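Here's entry.txt, which has compact mmCIF, C-alpha atoms:
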# COMPACT_ATOMS: atom_id res chain seq x y z
CA MET A 29 -1.25 -1.93 -27.65
CA THR A 30 0.66 0.61 -25.60
CA VAL A 31 1.13 4.29 -26.23
CA SER A 32 3.56 6.84 -24.89
CA ALA A 33 2.39 8.35 -21.64
CA SER A 34 0.47 11.59 -22.20
CA VAL A 35 0.77 12.44 -18.52
CA PRO A 36 4.19 14.10 -18.12
CA PHE A 37 6.58 12.82 -15.49
CA ASN A 38 10.24 13.34 -14.74
CA ARG A 39 12.84 11.65 -12.59
CA ARG A 40 12.79 14.45 -9.98
CA GLN A 41 9.08 13.96 -9.31
CA SER A 42 8.17 11.87 -6.29
CA VAL A 43 6.99 8.34 -6.95
CA GLY A 44 3.79 9.18 -5.06
CA GLU A 45 3.00 12.08 -7.40
CA ILE A 46 3.61 9.90 -10.45
CA ALA A 47 1.50 7.07 -9.00
CA ALA A 48 -1.37 9.48 -8.35
CA ALA A 49 -1.26 11.07 -11.81
CA LEU A 50 -0.33 8.22 -14.16
CA PRO A 51 -2.72 5.23 -14.47
CA GLY A 52 -0.80 1.97 -14.29
CA ALA A 53 2.26 3.47 -12.61
CA THR A 54 1.67 1.58 -9.37
CA ALA A 55 1.97 -1.75 -11.19
CA VAL A 56 5.27 -0.62 -12.70
CA PHE A 57 6.56 0.45 -9.30
CA ARG A 58 5.55 -2.88 -7.75
CA ARG A 59 7.35 -4.73 -10.54
CA PHE A 60 10.59 -2.86 -9.81
CA GLY A 61 10.10 -2.93 -6.04
CA LEU A 62 9.77 0.85 -5.63
CA ASP A 63 7.87 1.96 -2.53
CA PHE A 64 5.26 4.40 -3.81
CA CYS A 65 3.07 4.36 -0.69
CA CYS A 66 4.99 4.80 2.57
CA LYS A 67 7.96 6.42 0.81
CA GLY A 68 5.90 8.16 -1.83
CA ASP A 69 7.65 11.50 -1.26
CA VAL A 70 10.99 10.15 -2.56
CA PRO A 71 11.95 11.34 -6.08
CA LEU A 72 11.84 8.67 -8.77
CA GLU A 73 15.58 8.77 -9.44
CA ASP A 74 16.39 8.37 -5.74
CA SER A 75 13.85 5.59 -5.26
CA ALA A 76 15.38 3.63 -8.16
CA ARG A 77 18.90 4.20 -6.84
CA LEU A 78 18.00 3.08 -3.32
CA ARG A 79 16.36 -0.05 -4.71
CA GLY A 80 19.30 -0.77 -7.01
CA VAL A 81 17.32 -0.81 -10.25
CA ALA A 82 18.07 0.93 -13.52
CA LEU A 83 16.28 4.28 -13.68
CA GLY A 84 16.12 4.12 -17.46
CA GLU A 85 14.23 0.83 -17.35
CA VAL A 86 11.67 2.26 -14.94
CA GLU A 87 11.24 5.38 -17.10
CA GLN A 88 10.82 3.23 -20.20
CA ALA A 89 8.14 1.12 -18.52
CA LEU A 90 6.30 4.25 -17.38
CA SER A 91 6.51 5.83 -20.82
CA MET A 92 4.92 2.75 -22.42
CA LEU A 93 1.81 2.76 -20.23
CA ASP A 94 -1.50 2.97 -22.05
CA THR A 95 -2.85 6.17 -20.54
CA ARG A 96 -6.17 5.71 -22.31
CA ALA A 97 -7.04 3.19 -19.60
CA ALA A 98 -9.15 4.80 -16.89
CA ALA A 99 -7.82 4.91 -13.36
CA THR A 100 -9.62 2.42 -11.10
CA ALA A 101 -10.12 4.84 -8.20
CA PRO A 102 -12.61 7.71 -8.45
CA ARG A 103 -11.26 11.24 -8.11
CA GLU A 104 -14.15 12.97 -6.31
CA THR A 105 -13.47 12.91 -2.55
CA ALA A 106 -16.69 11.30 -1.32
CA ALA A 107 -16.54 8.65 -4.04
CA LEU A 108 -12.86 7.99 -3.32
CA ILE A 109 -13.58 7.44 0.38
CA ALA A 110 -16.44 5.09 -0.50
CA HIS A 111 -14.10 3.19 -2.81
CA ILE A 112 -11.46 2.87 -0.07
CA LEU A 113 -14.05 1.56 2.38
CA ALA A 114 -15.50 -1.03 -0.01
CA ARG A 115 -12.37 -2.12 -1.87
CA TYR A 116 -9.89 -2.14 1.00
CA HIS A 117 -11.43 -1.89 4.48
CA GLU A 118 -14.06 -4.55 3.80
CA VAL A 119 -11.64 -6.77 1.88
CA HIS A 120 -8.94 -6.64 4.59
CA ARG A 121 -11.53 -7.63 7.22
CA ARG A 122 -12.77 -10.50 5.08
CA GLU A 123 -9.43 -11.92 3.95
CA LEU A 124 -7.05 -11.49 6.90
CA PRO A 125 -8.78 -13.95 9.29
CA GLU A 126 -8.60 -16.65 6.62
CA LEU A 127 -4.91 -15.94 6.02
CA VAL A 128 -4.23 -16.27 9.75
CA ALA A 129 -6.03 -19.64 9.79
CA LEU A 130 -4.07 -20.86 6.75
CA ALA A 131 -0.78 -19.78 8.32
CA ARG A 132 -1.59 -21.59 11.58
CA ARG A 133 -2.29 -24.77 9.62
CA VAL A 134 0.86 -24.57 7.51
CA GLU A 135 3.04 -23.87 10.55
CA ALA A 136 1.52 -26.79 12.46
CA VAL A 137 1.40 -29.40 9.70
CA HIS A 138 4.81 -28.61 8.18
CA ALA A 139 6.68 -27.63 11.34
CA LYS A 140 9.58 -30.01 10.61
CA TYR A 141 10.44 -28.37 7.27
CA SER A 142 13.11 -25.67 7.22
CA GLU A 143 11.14 -23.61 4.68
CA VAL A 144 8.09 -23.25 6.92
CA PRO A 145 7.44 -19.56 7.77
CA HIS A 146 7.50 -19.84 11.57
CA GLY A 147 5.82 -16.82 13.14
CA LEU A 148 3.80 -15.91 10.05
CA ALA A 149 0.43 -16.37 11.74
CA ASP A 150 1.47 -14.14 14.64
CA LEU A 151 2.71 -11.48 12.22
CA LEU A 152 -0.57 -11.61 10.26
CA GLU A 153 -2.54 -11.30 13.50
CA ARG A 154 -0.50 -8.25 14.48
CA LEU A 155 -1.11 -6.70 11.08
CA GLN A 156 -4.81 -7.49 11.41
CA ARG A 157 -5.04 -5.78 14.82
CA GLU A 158 -3.13 -2.71 13.69
CA LEU A 159 -5.11 -2.39 10.47
CA GLU A 160 -8.40 -2.76 12.33
CA SER A 161 -7.46 -0.02 14.80
CA HIS A 162 -6.30 2.21 11.95
CA MET A 163 -9.39 1.66 9.82
CA ARG A 164 -11.76 2.33 12.73
CA LYS A 165 -10.06 5.69 13.38
CA GLU A 166 -10.60 6.59 9.76
CA GLU A 167 -14.20 5.39 9.70
CA LEU A 168 -15.27 6.95 13.01
CA ILE A 169 -13.23 10.17 13.03
CA LEU A 170 -11.16 11.13 10.00
CA PHE A 171 -13.47 10.31 7.08
CA PRO A 172 -16.54 11.94 8.71
CA ALA A 173 -14.38 15.01 9.43
CA MET A 174 -13.37 15.11 5.78
CA ALA A 175 -17.03 15.01 4.79
CA ARG A 176 -17.65 18.11 6.94
CA THR A 177 -14.52 19.99 5.87
CA GLU A 178 -13.71 21.82 2.68
CA ALA A 179 -10.39 20.66 1.31
CA THR A 180 -8.97 24.18 1.60
CA ASP A 181 -10.10 24.75 5.20
CA GLY A 182 -7.25 22.89 6.90
CA GLY A 183 -7.53 21.65 10.44
CA LEU A 184 -6.94 17.97 9.72
CA GLU A 185 -3.14 18.04 9.68
CA ALA A 186 -2.75 16.31 13.06
CA PRO A 187 -4.96 13.26 12.42
CA ILE A 188 -3.61 12.89 8.90
CA SER A 189 -0.05 13.03 10.22
CA CYS A 190 -0.94 10.25 12.66
CA MET A 191 -2.44 8.15 9.87
CA ARG A 192 0.69 8.62 7.78
CA HIS A 193 2.86 7.43 10.67
CA GLU A 194 0.65 4.36 11.06
CA HIS A 195 0.97 3.73 7.33
CA ASP A 196 4.73 3.61 7.84
CA ASP A 197 4.19 0.95 10.51
CA HIS A 198 2.01 -1.05 8.12
CA GLY A 199 4.73 -0.78 5.49
CA ALA A 200 7.28 -2.17 7.94
CA ASN A 201 4.94 -5.10 8.61
CA LEU A 202 4.67 -5.77 4.87
CA HIS A 203 8.46 -5.81 4.50
CA GLU A 204 8.67 -8.26 7.40
CA LEU A 205 5.98 -10.39 5.79
CA GLU A 206 7.87 -10.58 2.50
CA ALA A 207 11.16 -11.31 4.26
CA LEU A 208 9.65 -14.13 6.32
CA THR A 209 8.20 -15.80 3.21
CA ASN A 210 11.18 -15.07 0.94
CA GLY A 211 8.95 -12.97 -1.27
CA PHE A 212 6.20 -15.63 -1.09
CA THR A 213 8.46 -18.17 -2.76
CA LEU A 214 6.96 -21.64 -2.44
CA PRO A 215 9.15 -24.66 -1.64
CA ALA A 216 9.09 -27.63 -3.97
CA GLY A 217 6.04 -29.80 -3.42
CA ALA A 218 4.14 -27.20 -1.40
CA CYS A 219 0.64 -28.34 -0.50
CA ARG A 220 -2.53 -26.56 -1.62
CA THR A 221 -2.92 -24.84 1.74
CA TRP A 222 0.59 -23.42 1.52
CA ARG A 223 -0.06 -22.29 -2.05
CA ALA A 224 -3.31 -20.60 -1.03
CA LEU A 225 -1.55 -18.91 1.89
CA TYR A 226 1.21 -17.42 -0.25
CA ALA A 227 -1.17 -16.39 -3.04
CA GLY A 228 -3.36 -14.66 -0.49
CA GLY A 229 -0.36 -13.10 1.24
CA ALA A 230 0.97 -11.65 -2.02
CA LYS A 231 -2.48 -10.21 -2.74
CA LEU A 232 -2.62 -8.72 0.76
CA VAL A 233 0.69 -6.92 0.26
CA ALA A 234 -0.45 -5.51 -3.09
CA ASP A 235 -3.81 -4.45 -1.63
CA VAL A 236 -2.34 -2.73 1.43
CA MET A 237 0.23 -0.91 -0.70
CA GLU A 238 -2.49 0.33 -3.05
CA HIS A 239 -4.68 1.27 -0.07
CA ILE A 240 -1.88 3.35 1.48
CA HIS A 241 -1.06 4.93 -1.88
CA LEU A 242 -4.62 6.14 -2.42
CA GLU A 243 -4.71 7.74 1.01
CA ASN A 244 -1.16 9.14 1.19
CA ASN A 245 -0.89 10.40 -2.37
CA LEU A 246 -4.46 11.09 -3.50
CA LEU A 247 -6.79 11.69 -0.53
CA PHE A 248 -4.70 13.18 2.29
CA PRO A 249 -2.99 15.96 0.25
CA ARG A 250 -6.44 17.49 -0.31
CA PHE A 251 -6.69 18.27 3.40
CA ALA A 252 -3.07 18.61 4.62
CA PRO A 253 0.34 19.50 3.16
CA PRO A 254 2.56 16.62 2.05
CA PRO A 255 4.92 15.34 4.76
CA ARG A 256 8.07 16.98 3.43
CA ILE A 257 6.64 20.42 4.29
CA GLN A 258 4.46 19.37 7.17
CA THR A 259 5.35 19.44 10.85
CA ALA A 260 4.77 15.92 12.09
CA ARG A 261 2.47 15.70 15.08
CA ARG A 262 1.66 12.32 16.56
CA ARG A 263 -1.71 12.74 18.17
CA PHE A 264 -5.15 11.39 17.41
CA GLY A 265 -4.56 8.00 18.86
Same coordinates, now as structure tokens:
Amino acid sequence: MTVSASVPFNRRQSVGEIAAALPGATAVFRRFGLDFCCKGDVPLEDSARLRGVALGEVEQALSMLDTRAAATAPRETAALIAHILARYHEVHRRELPELVALARRVEAVHAKYSEVPHGLADLLERLQRELESHMRKEELILFPAMARTEATDGGLEAPISCMRHEHDDHGANLHELEALTNGFTLPAGACRTWRALYAGGAKLVADVMEHIHLENNLLFPRFAPPPRIQTARRRFG
């Protein structure tokens, strides 16, 4: 059973703000193809217009969310960081090498088919390298600094700005991944390996988007202004 959303939202709010405040909103945004992570500062009405979807349909879906369901991510900062490390950092490291291996096999075995995603393994390897570098910066520098810093103290704007820029790069990789696989659309008669590859790839995209959302829209604003009022500084790397 669904109920009207008790958390208020309006079409001029950014999709990132809505995603952070309204449990279940991220699933709605994924369904309509709205970018709530890398472009989380875009107002809902503009995000829908840019995507070419009906704003009213998005608002209706949001209004029907069951807000009695608890959000999956903890709100306290230390617990949220621990959740990010366990649910996303560890999972990316475990699943990406297997996806690369599956992609290599599919590209080799089915090379003669026009639907084969040539270059997918290389793209996944690039994403793996960039994610690993990004996550290590967070684990070794940013997250420990957050543990030592009161949210109101400031001083973390530069590293957070760098992490946001890298999130944009990850988002571009995800768009390339979806384009290369035609939205993970399987050809007729696809083998089990191909099916496993695309199922895992779709999960990877959803996981990375949720990972970026939690950092951009929930964690980072506690220590630095949102990007629309922040001076971008690309250091820390």
Check which residues of range 70-139 of chain A sit at most 10 Å from range 226-235 of chain A using all atoms listed in the file, and return one row each with the closest pair of atoms and their distance in Å to one decimal, ordered by chain and rising number, as CSV.
residue,atom,partner,partner_atom,distance
A:Arg115,CA,A:Asp235,CA,8.9
A:Tyr116,CA,A:Asp235,CA,7.0
A:Val119,CA,A:Asp235,CA,8.9
A:His120,CA,A:Leu232,CA,7.7
A:Glu123,CA,A:Gly228,CA,8.0
A:Leu124,CA,A:Leu232,CA,8.1
A:Glu126,CA,A:Gly228,CA,9.1
A:Leu127,CA,A:Gly228,CA,6.8
A:Val128,CA,A:Gly229,CA,9.9
A:Leu130,CA,A:Tyr226,CA,9.4
A:Ala131,CA,A:Tyr226,CA,9.1
May I have the residues from that selection written out with C-alpha atoms, as a PDB file, in the frame of the given file?
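Output file result.pdb is given in full below:
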ATOM      1  CA  ARG A 115     -12.370  -2.120  -1.870  1.00  0.00           C
ATOM      2  CA  TYR A 116      -9.890  -2.140   1.000  1.00  0.00           C
ATOM      3  CA  VAL A 119     -11.640  -6.770   1.880  1.00  0.00           C
ATOM      4  CA  HIS A 120      -8.940  -6.640   4.590  1.00  0.00           C
ATOM      5  CA  GLU A 123      -9.430 -11.920   3.950  1.00  0.00           C
ATOM      6  CA  LEU A 124      -7.050 -11.490   6.900  1.00  0.00           C
ATOM      7  CA  GLU A 126      -8.600 -16.650   6.620  1.00  0.00           C
ATOM      8  CA  LEU A 127      -4.910 -15.940   6.020  1.00  0.00           C
ATOM      9  CA  VAL A 128      -4.230 -16.270   9.750  1.00  0.00           C
ATOM     10  CA  LEU A 130      -4.070 -20.860   6.750  1.00  0.00           C
ATOM     11  CA  ALA A 131      -0.780 -19.780   8.320  1.00  0.00           C
TER      12      ALA A 131
END
Could you tell me, as an MDAnalysis selection string, which residues have any atom at most 9 Å from (10.3, 4.8, -14.7), counting only C-alpha atoms? chainID A and resid 37:39 53 56:57 72:73 76 82:91
Keeping only C-alpha atoms, take the residues you just selected and write them out as a PDB file, in the frame of the given file.
ATOM      1  CA  PHE A  37       6.580  12.820 -15.490  1.00  0.00           C
ATOM      2  CA  ASN A  38      10.240  13.340 -14.740  1.00  0.00           C
ATOM      3  CA  ARG A  39      12.840  11.650 -12.590  1.00  0.00           C
ATOM      4  CA  ALA A  53       2.260   3.470 -12.610  1.00  0.00           C
ATOM      5  CA  VAL A  56       5.270  -0.620 -12.700  1.00  0.00           C
ATOM      6  CA  PHE A  57       6.560   0.450  -9.300  1.00  0.00           C
ATOM      7  CA  LEU A  72      11.840   8.670  -8.770  1.00  0.00           C
ATOM      8  CA  GLU A  73      15.580   8.770  -9.440  1.00  0.00           C
ATOM      9  CA  ALA A  76      15.380   3.630  -8.160  1.00  0.00           C
ATOM     10  CA  ALA A  82      18.070   0.930 -13.520  1.00  0.00           C
ATOM     11  CA  LEU A  83      16.280   4.280 -13.680  1.00  0.00           C
ATOM     12  CA  GLY A  84      16.120   4.120 -17.460  1.00  0.00           C
ATOM     13  CA  GLU A  85      14.230   0.830 -17.350  1.00  0.00           C
ATOM     14  CA  VAL A  86      11.670   2.260 -14.940  1.00  0.00           C
ATOM     15  CA  GLU A  87      11.240   5.380 -17.100  1.00  0.00           C
ATOM     16  CA  GLN A  88      10.820   3.230 -20.200  1.00  0.00           C
ATOM     17  CA  ALA A  89       8.140   1.120 -18.520  1.00  0.00           C
ATOM     18  CA  LEU A  90       6.300   4.250 -17.380  1.00  0.00           C
ATOM     19  CA  SER A  91       6.510   5.830 -20.820  1.00  0.00           C
TER      20      SER A  91
END
Determine, counting only C-alpha atoms, which protein, DNA and RNA residues have an atom within 9 Å of an atom of Ile240 in chain A; residues of the same chain fewer than 6 positions away are not included. Present the result as a VMD selection string. chain A and resid 64 to 66 192 195 198 to 199
Which one of A:Leu93, A:Val43, A:Ala110, A:Leu151 sits closest to Ser75 in chain A if you count all atoms listed in the file?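 Closest residue, counting all atoms listed in the file: A:Val43.
Distances from A:Leu208, A:Leu202, A:Leu214, A:Ala252 to Leu155 in chain A were compared using only C-alpha atoms, and the smallest one belongs to A:Leu202.
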Could you check how far CA of Ala224 in chain A sits from CA of Leu242 in chain A, in Å to one decimal? 26.8 Å
Give me, as an mmCIF file with C-alpha atoms, in the coordinates of the input, all polymer residues having an atom no more than 9 Å from Ile188 in chain A, counting all atoms listed in the file and skipping those fewer than 5 positions away in the same chain.
data_model
loop_
_atom_site.group_PDB
_atom_site.id
_atom_site.type_symbol
_atom_site.label_atom_id
_atom_site.label_comp_id
_atom_site.auth_asym_id
_atom_site.auth_seq_id
_atom_site.Cartn_x
_atom_site.Cartn_y
_atom_site.Cartn_z
ATOM 1 C CA LEU A 170 -11.160 11.130 10.000
ATOM 2 C CA HIS A 193 2.860 7.430 10.670
ATOM 3 C CA ASN A 244 -1.160 9.140 1.190
ATOM 4 C CA PHE A 248 -4.700 13.180 2.290
ATOM 5 C CA PHE A 251 -6.690 18.270 3.400
ATOM 6 C CA ALA A 252 -3.070 18.610 4.620
ATOM 7 C CA PHE A 264 -5.150 11.390 17.410
#
